[in-house]
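Raw contents of run-v8.cif, mmCIF, N, CA and C atoms and all ligand atoms:
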```
data_start
#
loop_
_atom_site.label_atom_id
_atom_site.label_comp_id
_atom_site.auth_asym_id
_atom_site.auth_seq_id
_atom_site.Cartn_x
_atom_site.Cartn_y
_atom_site.Cartn_z
N MET A 18 136.52 52.39 137.52
CA MET A 18 135.82 52.23 136.25
C MET A 18 136.02 50.82 135.73
N PRO A 19 134.94 50.11 135.47
CA PRO A 19 135.14 48.74 134.97
C PRO A 19 135.47 48.68 133.48
N THR A 20 136.07 47.59 133.11
CA THR A 20 136.36 47.32 131.70
C THR A 20 135.19 46.52 131.16
N TYR A 21 134.67 46.97 130.04
CA TYR A 21 133.57 46.26 129.41
C TYR A 21 134.07 45.48 128.21
N ASN A 22 133.53 44.28 128.06
CA ASN A 22 133.89 43.45 126.92
C ASN A 22 132.75 43.47 125.92
N GLY A 23 133.08 43.90 124.70
CA GLY A 23 132.04 44.00 123.69
C GLY A 23 132.37 43.23 122.44
N ARG A 24 131.35 43.02 121.64
CA ARG A 24 131.54 42.35 120.36
C ARG A 24 130.62 42.99 119.32
N CYS A 25 131.28 43.50 118.27
CA CYS A 25 130.52 44.09 117.17
C CYS A 25 130.36 43.04 116.10
N ALA A 26 129.18 42.99 115.49
CA ALA A 26 128.91 41.99 114.45
C ALA A 26 129.89 42.15 113.29
N GLN A 27 130.30 43.39 113.04
CA GLN A 27 131.20 43.65 111.92
C GLN A 27 132.68 43.68 112.32
N HIS A 28 132.98 44.29 113.46
CA HIS A 28 134.38 44.54 113.82
C HIS A 28 134.95 43.64 114.91
N GLY A 29 134.16 42.75 115.40
CA GLY A 29 134.68 41.79 116.36
C GLY A 29 134.82 42.29 117.79
N GLU A 30 135.74 41.67 118.51
CA GLU A 30 135.89 41.89 119.94
C GLU A 30 136.53 43.24 120.25
N PHE A 31 136.10 43.84 121.35
CA PHE A 31 136.77 45.05 121.83
C PHE A 31 136.55 45.18 123.32
N GLU A 32 137.37 45.99 123.95
CA GLU A 32 137.11 46.31 125.35
C GLU A 32 137.05 47.81 125.51
N ASP A 33 136.25 48.22 126.46
CA ASP A 33 136.04 49.63 126.65
C ASP A 33 136.01 49.92 128.15
N LEU A 34 136.52 51.09 128.48
CA LEU A 34 136.59 51.49 129.88
C LEU A 34 135.59 52.61 130.08
N MET A 35 134.66 52.44 131.00
CA MET A 35 133.72 53.53 131.26
C MET A 35 133.09 53.39 132.63
N LYS A 36 132.46 54.48 133.04
CA LYS A 36 131.79 54.46 134.33
C LYS A 36 130.51 53.65 134.20
N ILE A 37 130.13 52.98 135.29
CA ILE A 37 128.90 52.19 135.29
C ILE A 37 127.71 53.08 134.94
N SER A 38 127.69 54.29 135.49
CA SER A 38 126.57 55.20 135.22
C SER A 38 126.46 55.53 133.73
N HIS A 39 127.61 55.61 133.10
CA HIS A 39 127.62 55.89 131.66
C HIS A 39 127.06 54.72 130.86
N TYR A 40 127.45 53.52 131.30
CA TYR A 40 126.94 52.30 130.65
C TYR A 40 125.42 52.24 130.75
N ILE A 41 124.92 52.53 131.93
CA ILE A 41 123.47 52.47 132.16
C ILE A 41 122.76 53.55 131.33
N GLU A 42 123.34 54.73 131.34
CA GLU A 42 122.76 55.87 130.63
C GLU A 42 122.63 55.59 129.13
N GLN A 43 123.69 55.05 128.54
CA GLN A 43 123.61 54.78 127.10
C GLN A 43 123.03 53.40 126.80
N ASP A 44 122.67 52.67 127.86
CA ASP A 44 122.00 51.38 127.76
C ASP A 44 122.77 50.37 126.91
N GLY A 45 124.00 50.10 127.31
CA GLY A 45 124.78 49.07 126.63
C GLY A 45 126.06 49.60 126.02
N LEU A 46 126.60 48.82 125.11
CA LEU A 46 127.87 49.18 124.47
C LEU A 46 127.69 49.51 123.00
N PHE A 47 128.58 50.35 122.52
CA PHE A 47 128.60 50.68 121.10
C PHE A 47 130.01 50.45 120.56
N CYS A 48 130.10 49.94 119.35
CA CYS A 48 131.39 49.64 118.75
C CYS A 48 132.22 50.91 118.60
N PRO A 49 133.48 50.90 119.06
CA PRO A 49 134.32 52.09 118.94
C PRO A 49 134.69 52.40 117.49
N GLU A 50 134.51 51.44 116.60
CA GLU A 50 134.89 51.66 115.21
C GLU A 50 133.75 52.17 114.35
N CYS A 51 132.56 51.57 114.49
CA CYS A 51 131.46 51.99 113.62
C CYS A 51 130.33 52.68 114.40
N GLY A 52 130.38 52.61 115.72
CA GLY A 52 129.36 53.29 116.52
C GLY A 52 128.04 52.55 116.62
N GLU A 53 127.99 51.35 116.03
CA GLU A 53 126.77 50.55 116.10
C GLU A 53 126.65 49.88 117.46
N LYS A 54 125.41 49.56 117.83
CA LYS A 54 125.16 48.83 119.06
C LYS A 54 125.94 47.52 119.04
N ALA A 55 126.59 47.21 120.16
CA ALA A 55 127.40 45.99 120.22
C ALA A 55 126.93 45.12 121.37
N ALA A 56 127.32 43.87 121.32
CA ALA A 56 126.96 42.94 122.39
C ALA A 56 127.87 43.18 123.60
N THR A 57 127.34 43.03 124.79
CA THR A 57 128.13 43.13 126.00
C THR A 57 128.31 41.73 126.56
N ILE A 58 129.56 41.37 126.79
CA ILE A 58 129.85 40.08 127.39
C ILE A 58 130.17 40.36 128.86
N ILE A 59 129.32 39.89 129.74
CA ILE A 59 129.48 40.17 131.16
C ILE A 59 129.98 38.92 131.87
N SER A 60 131.12 39.06 132.51
CA SER A 60 131.62 37.92 133.26
C SER A 60 131.30 38.12 134.72
N ALA A 61 130.69 37.13 135.29
CA ALA A 61 130.34 37.20 136.70
C ALA A 61 130.45 35.81 137.29
N VAL A 62 130.87 35.76 138.52
CA VAL A 62 130.95 34.48 139.19
C VAL A 62 129.51 34.05 139.45
N PRO A 63 129.12 32.87 138.94
CA PRO A 63 127.73 32.47 139.12
C PRO A 63 127.37 32.27 140.59
N VAL A 64 126.21 32.76 140.95
CA VAL A 64 125.73 32.59 142.31
C VAL A 64 124.61 31.57 142.27
N ILE A 65 124.71 30.59 143.12
CA ILE A 65 123.69 29.55 143.14
C ILE A 65 122.62 29.91 144.17
N GLY A 66 121.40 30.04 143.66
CA GLY A 66 120.25 30.30 144.51
C GLY A 66 120.32 31.61 145.27
N ALA A 67 119.73 32.65 144.68
CA ALA A 67 119.72 33.94 145.35
C ALA A 67 118.72 33.93 146.50
N MET A 68 119.07 34.64 147.54
CA MET A 68 118.16 34.81 148.67
C MET A 68 118.10 36.30 148.96
N PRO A 69 117.01 36.77 149.61
CA PRO A 69 116.93 38.20 149.91
C PRO A 69 118.16 38.70 150.66
N SER A 70 118.72 37.85 151.49
CA SER A 70 119.89 38.26 152.26
C SER A 70 121.17 38.14 151.43
N LYS A 71 121.05 37.45 150.32
CA LYS A 71 122.22 37.25 149.46
C LYS A 71 121.84 37.48 148.01
N PRO A 72 121.62 38.75 147.65
CA PRO A 72 121.20 39.04 146.28
C PRO A 72 122.32 38.81 145.27
N ILE A 73 121.95 38.70 144.02
CA ILE A 73 122.92 38.57 142.95
C ILE A 73 123.29 39.98 142.51
N VAL A 74 124.52 40.34 142.75
CA VAL A 74 124.97 41.68 142.39
C VAL A 74 125.90 41.59 141.18
N ILE A 75 125.53 42.30 140.13
CA ILE A 75 126.42 42.39 138.98
C ILE A 75 126.80 43.86 138.82
N ASP A 76 127.90 44.21 139.46
CA ASP A 76 128.37 45.59 139.52
C ASP A 76 128.48 46.25 138.15
N GLN A 77 129.09 45.51 137.24
CA GLN A 77 129.40 46.02 135.92
C GLN A 77 128.20 46.68 135.23
N ILE A 78 127.03 46.10 135.39
CA ILE A 78 125.85 46.66 134.75
C ILE A 78 124.97 47.40 135.76
N GLY A 79 125.49 47.54 136.97
CA GLY A 79 124.79 48.28 138.01
C GLY A 79 123.47 47.65 138.42
N GLN A 80 123.43 46.31 138.41
CA GLN A 80 122.18 45.62 138.72
C GLN A 80 122.30 44.71 139.94
N THR A 81 121.23 44.68 140.70
CA THR A 81 121.13 43.75 141.81
C THR A 81 119.84 42.97 141.64
N PHE A 82 119.96 41.66 141.64
CA PHE A 82 118.77 40.83 141.46
C PHE A 82 118.51 40.06 142.76
N THR A 83 117.25 40.02 143.13
CA THR A 83 116.92 39.31 144.37
C THR A 83 116.54 37.86 144.10
N SER A 84 116.39 37.53 142.82
CA SER A 84 116.10 36.14 142.49
C SER A 84 116.66 35.78 141.12
N GLU A 85 116.79 34.49 140.89
CA GLU A 85 117.25 33.99 139.59
C GLU A 85 116.25 34.41 138.51
N ALA A 86 114.95 34.39 138.86
CA ALA A 86 113.90 34.73 137.90
C ALA A 86 114.04 36.18 137.46
N GLU A 87 114.36 37.05 138.43
CA GLU A 87 114.53 38.47 138.13
C GLU A 87 115.73 38.67 137.20
N LYS A 88 116.79 37.94 137.48
CA LYS A 88 117.99 38.00 136.66
C LYS A 88 117.67 37.51 135.24
N ARG A 89 116.97 36.40 135.15
CA ARG A 89 116.60 35.86 133.84
C ARG A 89 115.75 36.85 133.06
N ALA A 90 114.82 37.50 133.75
CA ALA A 90 113.92 38.47 133.09
C ALA A 90 114.72 39.64 132.53
N TYR A 91 115.71 40.10 133.31
CA TYR A 91 116.55 41.22 132.86
C TYR A 91 117.28 40.84 131.57
N PHE A 92 117.90 39.67 131.56
CA PHE A 92 118.67 39.25 130.39
C PHE A 92 117.78 38.86 129.20
N ALA A 93 116.57 38.40 129.49
CA ALA A 93 115.64 38.06 128.41
C ALA A 93 115.24 39.32 127.66
N LYS A 94 115.11 40.44 128.38
CA LYS A 94 114.73 41.71 127.77
C LYS A 94 115.90 42.37 127.04
N ARG A 95 117.10 41.90 127.32
CA ARG A 95 118.29 42.50 126.71
C ARG A 95 119.15 41.46 126.01
N PRO A 96 118.75 41.12 124.79
CA PRO A 96 119.50 40.09 124.07
C PRO A 96 120.92 40.50 123.71
N ASP A 97 121.23 41.79 123.86
CA ASP A 97 122.59 42.24 123.55
C ASP A 97 123.56 41.96 124.69
N ARG A 98 123.03 41.43 125.82
CA ARG A 98 123.90 41.15 126.95
C ARG A 98 123.99 39.66 127.25
N THR A 99 125.20 39.18 127.38
CA THR A 99 125.41 37.76 127.67
C THR A 99 126.21 37.62 128.94
N LEU A 100 125.69 36.84 129.83
CA LEU A 100 126.37 36.58 131.10
C LEU A 100 127.16 35.29 130.98
N VAL A 101 128.45 35.38 131.22
CA VAL A 101 129.29 34.18 131.12
C VAL A 101 130.14 33.98 132.36
N ASP A 102 130.56 32.76 132.54
CA ASP A 102 131.47 32.41 133.62
C ASP A 102 132.85 32.95 133.23
N PRO A 103 133.52 33.69 134.13
CA PRO A 103 134.84 34.23 133.76
C PRO A 103 135.88 33.16 133.43
N ASN A 104 135.63 31.94 133.87
CA ASN A 104 136.59 30.86 133.59
C ASN A 104 136.27 30.10 132.31
N ASP A 105 135.16 30.50 131.69
CA ASP A 105 134.75 29.87 130.45
C ASP A 105 135.82 30.10 129.37
N SER A 106 136.19 29.05 128.66
CA SER A 106 137.28 29.18 127.69
C SER A 106 136.93 30.14 126.55
N ALA A 107 135.65 30.18 126.17
CA ALA A 107 135.22 31.09 125.11
C ALA A 107 135.41 32.54 125.55
N PHE A 108 135.15 32.80 126.83
CA PHE A 108 135.31 34.16 127.35
C PHE A 108 136.79 34.54 127.44
N ILE A 109 137.61 33.61 127.87
CA ILE A 109 139.05 33.87 127.96
C ILE A 109 139.60 34.16 126.57
N ASN A 110 139.15 33.40 125.60
CA ASN A 110 139.54 33.61 124.21
C ASN A 110 139.09 34.99 123.73
N HIS A 111 137.86 35.35 124.08
CA HIS A 111 137.31 36.66 123.73
C HIS A 111 138.17 37.78 124.31
N LYS A 112 138.53 37.63 125.58
CA LYS A 112 139.34 38.65 126.26
C LYS A 112 140.72 38.79 125.61
N ASP A 113 141.29 37.66 125.27
CA ASP A 113 142.61 37.68 124.61
C ASP A 113 142.54 38.43 123.29
N LEU A 114 141.49 38.13 122.51
CA LEU A 114 141.30 38.79 121.22
C LEU A 114 141.10 40.29 121.40
N ALA A 115 140.23 40.62 122.36
CA ALA A 115 139.91 42.03 122.62
C ALA A 115 141.16 42.78 123.07
N ARG A 116 141.93 42.12 123.92
CA ARG A 116 143.17 42.72 124.45
C ARG A 116 144.17 42.98 123.31
N GLU A 117 144.30 41.99 122.45
CA GLU A 117 145.20 42.10 121.30
C GLU A 117 144.81 43.27 120.42
N ARG A 118 143.53 43.36 120.12
CA ARG A 118 143.03 44.45 119.27
C ARG A 118 143.21 45.80 119.93
N ALA A 119 142.94 45.86 121.25
CA ALA A 119 143.07 47.12 121.99
C ALA A 119 144.52 47.58 122.02
N GLU A 120 145.42 46.60 122.17
CA GLU A 120 146.86 46.85 122.19
C GLU A 120 147.30 47.45 120.85
N LYS A 121 146.83 46.84 119.78
CA LYS A 121 147.18 47.28 118.43
C LYS A 121 146.65 48.69 118.18
N LYS A 122 145.40 48.89 118.57
CA LYS A 122 144.75 50.19 118.36
C LYS A 122 145.46 51.31 119.15
N ALA A 123 145.78 51.00 120.41
CA ALA A 123 146.46 52.00 121.25
C ALA A 123 147.78 52.42 120.63
N LYS A 124 148.50 51.45 120.10
CA LYS A 124 149.80 51.74 119.47
C LYS A 124 149.61 52.56 118.20
N GLN A 125 148.58 52.21 117.43
CA GLN A 125 148.27 52.96 116.21
C GLN A 125 147.99 54.42 116.55
N MET A 126 147.37 54.63 117.73
CA MET A 126 147.00 55.98 118.14
C MET A 126 148.16 56.73 118.79
N GLY A 127 149.31 56.06 118.88
CA GLY A 127 150.49 56.72 119.41
C GLY A 127 150.73 56.52 120.90
N PHE A 128 149.93 55.66 121.53
CA PHE A 128 150.15 55.38 122.95
C PHE A 128 151.19 54.27 123.07
N ARG A 129 151.79 54.19 124.26
CA ARG A 129 152.78 53.16 124.50
C ARG A 129 152.10 51.78 124.45
N ASP A 130 150.99 51.66 125.18
CA ASP A 130 150.21 50.43 125.20
C ASP A 130 148.81 50.74 125.75
N VAL A 131 148.03 49.70 125.99
CA VAL A 131 146.66 49.89 126.48
C VAL A 131 146.63 50.61 127.83
N GLU A 132 147.54 50.21 128.72
CA GLU A 132 147.58 50.83 130.05
C GLU A 132 147.83 52.32 129.94
N ASP A 133 148.74 52.67 129.06
CA ASP A 133 149.09 54.07 128.83
C ASP A 133 147.84 54.83 128.35
N ARG A 134 147.11 54.22 127.39
CA ARG A 134 145.91 54.86 126.86
C ARG A 134 144.86 55.03 127.96
N ARG A 135 144.71 53.99 128.79
CA ARG A 135 143.73 54.02 129.89
C ARG A 135 144.05 55.11 130.89
N THR A 136 145.32 55.16 131.29
CA THR A 136 145.76 56.15 132.27
C THR A 136 145.47 57.56 131.76
N ARG A 137 145.79 57.77 130.47
CA ARG A 137 145.57 59.09 129.89
C ARG A 137 144.09 59.40 129.75
N LYS A 138 143.30 58.37 129.41
CA LYS A 138 141.86 58.57 129.26
C LYS A 138 141.25 58.95 130.61
N LYS A 139 141.65 58.23 131.66
CA LYS A 139 141.16 58.51 133.01
C LYS A 139 141.50 59.93 133.41
N ARG A 140 142.75 60.31 133.13
CA ARG A 140 143.24 61.64 133.48
C ARG A 140 142.44 62.71 132.72
N GLU A 141 142.19 62.43 131.44
CA GLU A 141 141.45 63.37 130.61
C GLU A 141 140.00 63.52 131.11
N LEU A 142 139.38 62.40 131.46
CA LEU A 142 138.01 62.44 131.96
C LEU A 142 137.94 63.22 133.27
N LYS A 143 138.94 63.01 134.11
CA LYS A 143 139.00 63.69 135.41
C LYS A 143 139.15 65.19 135.18
N ARG A 144 140.02 65.55 134.24
CA ARG A 144 140.26 66.95 133.93
C ARG A 144 138.98 67.61 133.42
N ARG A 145 138.27 66.91 132.52
CA ARG A 145 137.02 67.46 131.97
C ARG A 145 135.98 67.64 133.06
N ARG A 146 135.94 66.69 133.99
CA ARG A 146 134.98 66.75 135.08
C ARG A 146 135.29 67.95 135.97
N GLU A 147 136.58 68.13 136.22
CA GLU A 147 136.98 69.26 137.06
C GLU A 147 136.63 70.59 136.40
N ILE A 148 136.83 70.64 135.09
CA ILE A 148 136.49 71.87 134.37
C ILE A 148 134.99 72.12 134.42
N SER A 149 134.20 71.07 134.17
CA SER A 149 132.75 71.27 134.17
C SER A 149 132.22 71.56 135.57
N ASN A 150 132.96 71.11 136.59
CA ASN A 150 132.56 71.43 137.97
C ASN A 150 133.03 72.81 138.38
N GLY A 151 133.86 73.39 137.54
CA GLY A 151 134.38 74.72 137.85
C GLY A 151 135.53 74.71 138.84
N ASP A 152 136.08 73.50 139.09
CA ASP A 152 137.20 73.40 140.02
C ASP A 152 138.47 74.02 139.43
N LYS A 153 138.55 73.89 138.11
CA LYS A 153 139.74 74.40 137.46
C LYS A 153 139.32 75.38 136.38
N LYS A 154 139.98 76.45 136.34
CA LYS A 154 139.69 77.44 135.31
C LYS A 154 140.66 77.22 134.15
N ILE A 155 140.15 77.32 132.97
CA ILE A 155 141.03 77.23 131.81
C ILE A 155 141.67 78.60 131.65
N SER A 156 142.98 78.61 131.77
CA SER A 156 143.65 79.91 131.66
C SER A 156 144.05 80.16 130.21
N VAL A 157 143.73 81.30 129.75
CA VAL A 157 144.06 81.67 128.39
C VAL A 157 145.17 82.71 128.44
N VAL A 158 146.25 82.37 127.81
CA VAL A 158 147.39 83.29 127.81
C VAL A 158 147.33 84.12 126.53
N THR A 159 147.32 85.40 126.70
CA THR A 159 147.30 86.27 125.53
C THR A 159 148.57 87.09 125.48
N ALA A 160 149.02 87.30 124.29
CA ALA A 160 150.24 88.12 124.12
C ALA A 160 149.86 89.59 124.29
N SER A 161 150.66 90.30 125.03
CA SER A 161 150.34 91.72 125.23
C SER A 161 151.33 92.61 124.49
ZN ZN A 201 131.68 47.91 114.54
#
```
Represent the structure of the file as structure tokens.
Amino acid sequence: MPTYNGRCAQHGEFEDLMKISHYIEQDGLFCPECGEKAATIISAVPVIGAMPSKPIVIDQIGQTFTSEAEKRAYFAKRPDRTLVDPNDSAFINHKDLARERAEKKAKQMGFRDVEDRRTRKKRELKRRREISNGDKKISVVTAS
């Protein structure tokens, strides 16, 4: 599951962990605090000159572009998404801010840290998936 970097106009930087399919399904990111549509900051190593044999793959958003023009068209239609160089200082600053906020939030929620929250979230999602797949039955204990 990739980590998504978001920015809410009101609440600032955040990071979110989700499946790529989920990101595509909900068409972007939403602020964890207010639920409003948020900007997605996508870091990708820039590829110079796409060729059919060497497409531009941006895993995070589940997109493959066969040309720079196609990539530009995708981003032109989605102003909420910004593609940045991962080494860009503004992006590193954004990540630091998001990490700090996530760390603070996780602790407020009673987790040890962000990693702890992530591990538990992953486990919880896996458990829910297993239940919905019918792999695991919820056992109800009743007093007799
Ligand atoms: Zn917000």
Could you pull out the residues sitting within 9 Å of ligand ZN 201 (chain A), using only C-alpha atoms and all ligand atoms, and write them as a PyMOL selection string?
chain A and resi 24-29+47-55
Measuring between only N, CA and C atoms, which one of A:Ile59, A:Val74, A:Arg129, A:Arg137 shows the shortest distance to Asp102 (chain A)?
A:Ile59
Using only N, CA and C atoms, find all polymer residues with an atom at most 7 Å away from the point (136.5, 40.2, 133.5); report them as a ChimeraX atom specification.
/A:20,59-61,103
Export N, CA and C atoms of the chosen residues as a PDB file, in the frame of the given file?
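File written: part.pdb
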```pdb
ATOM      1  N   THR A  20     136.070  47.590 133.110  1.00  0.00           N
ATOM      2  CA  THR A  20     136.360  47.320 131.700  1.00  0.00           C
ATOM      3  C   THR A  20     135.190  46.520 131.160  1.00  0.00           C
ATOM      4  N   ILE A  59     129.320  39.890 129.740  1.00  0.00           N
ATOM      5  CA  ILE A  59     129.480  40.170 131.160  1.00  0.00           C
ATOM      6  C   ILE A  59     129.980  38.920 131.870  1.00  0.00           C
ATOM      7  N   SER A  60     131.120  39.060 132.510  1.00  0.00           N
ATOM      8  CA  SER A  60     131.620  37.920 133.260  1.00  0.00           C
ATOM      9  C   SER A  60     131.300  38.120 134.720  1.00  0.00           C
ATOM     10  N   ALA A  61     130.690  37.130 135.290  1.00  0.00           N
ATOM     11  CA  ALA A  61     130.340  37.200 136.700  1.00  0.00           C
ATOM     12  C   ALA A  61     130.450  35.810 137.290  1.00  0.00           C
ATOM     13  N   PRO A 103     133.520  33.690 134.130  1.00  0.00           N
ATOM     14  CA  PRO A 103     134.840  34.230 133.760  1.00  0.00           C
ATOM     15  C   PRO A 103     135.880  33.160 133.430  1.00  0.00           C
TER      16      PRO A 103
END
```
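With distances taken over all atoms listed in the file, A:Ile78 is the one residue among A:Ile78, A:Ala86, A:Ile58, A:Met126 lying closest to Tyr40 (chain A).
Going from CA of Gly45 (chain A) to CA of Asp76 (chain A) covers 13.8 Å.
For Ala115 (chain A), the list of residues within 8 Å, based on only C-alpha atoms and with local chain neighbours fewer than 3 positions off taken out, reads A:Asn22, A:Glu30, A:Phe31, A:Glu32, A:His111, A:Lys112, A:Arg118, A:Ala119.
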Once DSSP has gone over the backbone, tell me which residues of chain A are in strand (DSSP E), as a PyMOL selection string.
chain A and resi 20-25+29-34+46-47+54-60+73-75+80-82+98-101
Can you work out the spacing between CA of Asp33 (chain A) and CA of Pro19 (chain A) in Å, to one decimal?
8.4 Å
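Coordinates place CA of Thr57 (chain A) at a distance of 14.0 Å from CA of His39 (chain A).
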Alpha helix (DSSP H) residues, from DSSP on the backbone, in region 18-124 of chain A, as a PyMOL selection string
chain A and resi 37-43+85-94+106-124
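The shortest atom-to-atom distance to Gln77 (chain A), with only C-alpha atoms taken into account, belongs to A:Leu34 out of A:Leu34, A:Asp113, A:Ser149, A:Tyr91.
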Please list as a PyMOL selection string every residue within 12 Å of Lys139 (chain A), counting only C-alpha atoms and excluding residues in the same chain fewer than 3 positions away.
chain A and resi 18-19+34-36+132-136+142-146
